[in-house]
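K.L.:
One structure follows; several queries about it will come next.
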Amino acid sequence: MIEITHLSKRFKQTQALHPLDLTIPSGCIFGLLGQNGAGKTTLLRLLATLLAPSAGSARIAGLDVATEGLAVRRKLGAVSAGMGVYEKLTGRENLHFFGELYGMRKSAVQARVIELAQELAIGAWID
């Protein structure tokens with residue numbers, strides 16, 4: 001679960017993220033949409049512990065992003081739209097590569113890829 005309470009970020013005179021309250025339940029797939037400059041990237045950087053909030057708080061899996069950064073990063077995975085996958089590999093191959101890179105055994109990766117393909121209904125596109 002992600003719990004955000006009055007979270008904001010200011011860079012000198014620029015209010016990059018206006019106070020935000022948001023709760024995203026565990027297991028939810030959530031999309032973040034908005035105009036350029038709306039604060040989407042700033043919010044993601046705050047949640048990923050790459051920036052410190054100016055005010056407010058955020059918790060991921062019960063962990064405070066401002067004071068428990070290492071523990072938060074162990075629970076969090078983020079991939080930018082501009083990088084993070086290898087275009088010459090299929091979706092299945094990318095998942096296998098990163099699963100093994102993360103230290104999972106091949107059999108565990110194989111089972112997890114099948115589980116994710118079913119859960120996300122991407123079986124027709126994974127290869």
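Chain labels run A, B, ... following the order of the structure tokens; each chain numbers its residues from 1, and ligands are numbered from 1 in the order shown.
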Under the rule of at most 9 Å, produce a per-residue listing of range 52-72 of chain A near range 35-48 of chain A: chain, number, name, the closest pair of atoms, and the distance in Å, as a Markdown table, using only C-alpha atoms.
P.N.:
```
| residue | atom | partner | partner_atom | distance |
| --- | --- | --- | --- | --- |
| A:Ala52 | CA | A:Leu46 | CA | 6.1 |
| A:Pro53 | CA | A:Leu46 | CA | 6.4 |
| A:Ala58 | CA | A:Leu47 | CA | 7.0 |
| A:Arg59 | CA | A:Leu47 | CA | 8.1 |
| A:Ile60 | CA | A:Leu47 | CA | 7.7 |
| A:Val65 | CA | A:Leu47 | CA | 6.2 |
| A:Ala66 | CA | A:Leu46 | CA | 8.4 |
| A:Gly69 | CA | A:Ala48 | CA | 8.0 |
| A:Val72 | CA | A:Ala48 | CA | 7.5 |
```
K.L.:
Hey, can you spit out that residue selection with C-alpha atoms as a tab-separated table (two decimals), in the first residue's frame?
P.N.:
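Result file result00.tsv:
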```
chain	number	residue	atom	x	y	z
A	52	ALA	CA	13.31	14.53	0.22
A	53	PRO	CA	9.84	16.03	0.67
A	58	ALA	CA	4.57	9.10	2.25
A	59	ARG	CA	4.65	5.48	3.28
A	60	ILE	CA	5.24	2.44	1.08
A	65	VAL	CA	10.10	7.28	2.51
A	66	ALA	CA	11.87	10.11	4.35
A	69	GLY	CA	14.84	4.95	2.56
A	72	VAL	CA	11.65	1.40	1.06
```
K.L.:
Could you pull the residues within 10 Å of Pro25 in chain A, counting only C-alpha atoms, minus those fewer than 5 positions along the same chain, as an MDAnalysis selection string?
P.N.:
chainID A and resid 1:3 30 61
K.L.:
Show which residues sit within 12 Å of range 88-105 of chain A, as a PyMOL selection string. Count only C-alpha atoms, and ignore same-chain residues fewer than 5 positions away.
P.N.:
chain A and resi 74+77+79+110-117+122-127
K.L.:
So which bits of chain A end up alpha helix (DSSP H) when you DSSP the backbone, as a PyMOL selection string?
P.N.:
chain A and resi 40-47+69-75+91-101+106-119
K.L.:
Generate the output file for the selected residues, N, CA and C atoms, as a compact mmCIF listing (two decimals), in the first residue's frame.
P.N.:
```txt
# COMPACT_ATOMS: atom_id res chain seq x y z
N LYS A 40 4.38 14.78 -11.76
CA LYS A 40 4.41 13.31 -11.81
C LYS A 40 5.80 12.76 -11.49
N THR A 41 6.81 13.28 -12.18
CA THR A 41 8.18 12.79 -11.97
C THR A 41 8.66 13.13 -10.57
N THR A 42 8.33 14.31 -10.10
CA THR A 42 8.71 14.70 -8.74
C THR A 42 8.10 13.74 -7.73
N LEU A 43 6.82 13.40 -7.89
CA LEU A 43 6.17 12.45 -6.99
C LEU A 43 6.88 11.11 -7.01
N LEU A 44 7.18 10.60 -8.20
CA LEU A 44 7.85 9.30 -8.29
C LEU A 44 9.23 9.35 -7.66
N ARG A 45 9.96 10.45 -7.83
CA ARG A 45 11.28 10.58 -7.20
C ARG A 45 11.17 10.65 -5.69
N LEU A 46 10.13 11.29 -5.19
CA LEU A 46 9.90 11.32 -3.73
C LEU A 46 9.61 9.91 -3.21
N LEU A 47 8.75 9.19 -3.91
CA LEU A 47 8.40 7.84 -3.47
C LEU A 47 9.59 6.88 -3.56
N GLY A 69 14.55 5.04 3.98
CA GLY A 69 14.84 4.95 2.56
C GLY A 69 15.36 3.61 2.09
N LEU A 70 16.32 3.04 2.80
CA LEU A 70 16.89 1.75 2.39
C LEU A 70 15.82 0.66 2.39
N ALA A 71 15.02 0.61 3.43
CA ALA A 71 13.96 -0.40 3.52
C ALA A 71 12.92 -0.18 2.42
N VAL A 72 12.61 1.09 2.13
CA VAL A 72 11.65 1.40 1.06
C VAL A 72 12.20 0.90 -0.27
N ARG A 73 13.47 1.19 -0.55
CA ARG A 73 14.06 0.78 -1.83
C ARG A 73 14.10 -0.73 -1.98
N ARG A 74 14.16 -1.46 -0.89
CA ARG A 74 14.13 -2.93 -0.96
C ARG A 74 12.74 -3.43 -1.35
N LYS A 75 11.72 -2.64 -1.10
CA LYS A 75 10.34 -3.02 -1.42
C LYS A 75 9.87 -2.49 -2.77
N GLY A 91 9.25 -9.78 -24.24
CA GLY A 91 8.83 -9.52 -22.86
C GLY A 91 9.25 -10.65 -21.93
N ARG A 92 9.05 -11.88 -22.38
CA ARG A 92 9.43 -13.05 -21.57
C ARG A 92 10.94 -13.05 -21.30
N GLU A 93 11.72 -12.77 -22.35
CA GLU A 93 13.19 -12.76 -22.20
C GLU A 93 13.64 -11.65 -21.24
N ASN A 94 13.00 -10.48 -21.32
CA ASN A 94 13.32 -9.39 -20.40
C ASN A 94 13.03 -9.80 -18.96
N LEU A 95 11.86 -10.40 -18.74
CA LEU A 95 11.51 -10.83 -17.38
C LEU A 95 12.48 -11.88 -16.87
N HIS A 96 12.87 -12.81 -17.71
CA HIS A 96 13.86 -13.82 -17.31
C HIS A 96 15.20 -13.17 -16.97
N PHE A 97 15.64 -12.26 -17.82
CA PHE A 97 16.92 -11.60 -17.61
C PHE A 97 16.94 -10.88 -16.26
N PHE A 98 15.92 -10.06 -16.00
CA PHE A 98 15.92 -9.27 -14.77
C PHE A 98 15.65 -10.14 -13.54
N GLY A 99 14.87 -11.18 -13.69
CA GLY A 99 14.66 -12.10 -12.57
C GLY A 99 15.96 -12.77 -12.15
N GLU A 100 16.71 -13.23 -13.12
CA GLU A 100 18.00 -13.87 -12.83
C GLU A 100 19.02 -12.85 -12.31
N LEU A 101 18.98 -11.64 -12.87
CA LEU A 101 19.87 -10.58 -12.40
C LEU A 101 19.57 -10.26 -10.93
N LYS A 106 16.46 -20.02 -11.85
CA LYS A 106 15.79 -20.10 -13.14
C LYS A 106 14.39 -20.70 -13.03
N SER A 107 14.23 -21.72 -12.21
CA SER A 107 12.92 -22.35 -12.06
C SER A 107 11.92 -21.38 -11.41
N ALA A 108 12.40 -20.58 -10.47
CA ALA A 108 11.53 -19.60 -9.82
C ALA A 108 11.14 -18.49 -10.80
N VAL A 109 12.10 -18.07 -11.62
CA VAL A 109 11.82 -17.04 -12.63
C VAL A 109 10.77 -17.55 -13.60
N GLN A 110 10.95 -18.78 -14.06
CA GLN A 110 10.02 -19.36 -15.02
C GLN A 110 8.60 -19.40 -14.45
N ALA A 111 8.47 -19.82 -13.21
CA ALA A 111 7.15 -19.89 -12.57
C ALA A 111 6.55 -18.49 -12.40
N ARG A 112 7.39 -17.52 -12.01
CA ARG A 112 6.91 -16.16 -11.79
C ARG A 112 6.49 -15.50 -13.09
N VAL A 113 7.22 -15.75 -14.17
CA VAL A 113 6.86 -15.18 -15.48
C VAL A 113 5.50 -15.71 -15.91
N ILE A 114 5.27 -16.99 -15.74
CA ILE A 114 3.97 -17.58 -16.09
C ILE A 114 2.87 -16.94 -15.24
N GLU A 115 3.13 -16.81 -13.95
CA GLU A 115 2.16 -16.21 -13.03
C GLU A 115 1.83 -14.77 -13.43
N LEU A 116 2.87 -13.98 -13.73
CA LEU A 116 2.65 -12.58 -14.11
C LEU A 116 1.92 -12.48 -15.44
N ALA A 117 2.26 -13.31 -16.40
CA ALA A 117 1.60 -13.29 -17.71
C ALA A 117 0.10 -13.54 -17.55
N GLN A 118 -0.25 -14.48 -16.66
CA GLN A 118 -1.66 -14.77 -16.43
C GLN A 118 -2.33 -13.63 -15.66
N GLU A 119 -1.67 -13.16 -14.61
CA GLU A 119 -2.24 -12.11 -13.76
C GLU A 119 -2.48 -10.82 -14.54
```
K.L.:
Between CA of Leu20 in chain A and CA of Gly34 in chain A, what is the spacing in Å?
P.N.:
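Rounded to one decimal, the two atoms are 13.8 Å apart.
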K.L.:
In Å, how far is it from CA of His18 in chain A to CA of Thr67 in chain A?
P.N.:
21.0 Å
K.L.:
For CA of Ala55 in chain A and CA of Thr14 in chain A, quote the distance in Å rounded to one decimal.
P.N.:
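Computing the Euclidean distance for CA of Ala55 in chain A and CA of Thr14 in chain A yields 14.0 Å.
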K.L.:
When distances are computed from only C-alpha atoms, which of A:Leu76, A:Asp21, A:Ser8, A:Ile29 shows the smallest separation from Ser54 in chain A?
P.N.:
A:Ser8
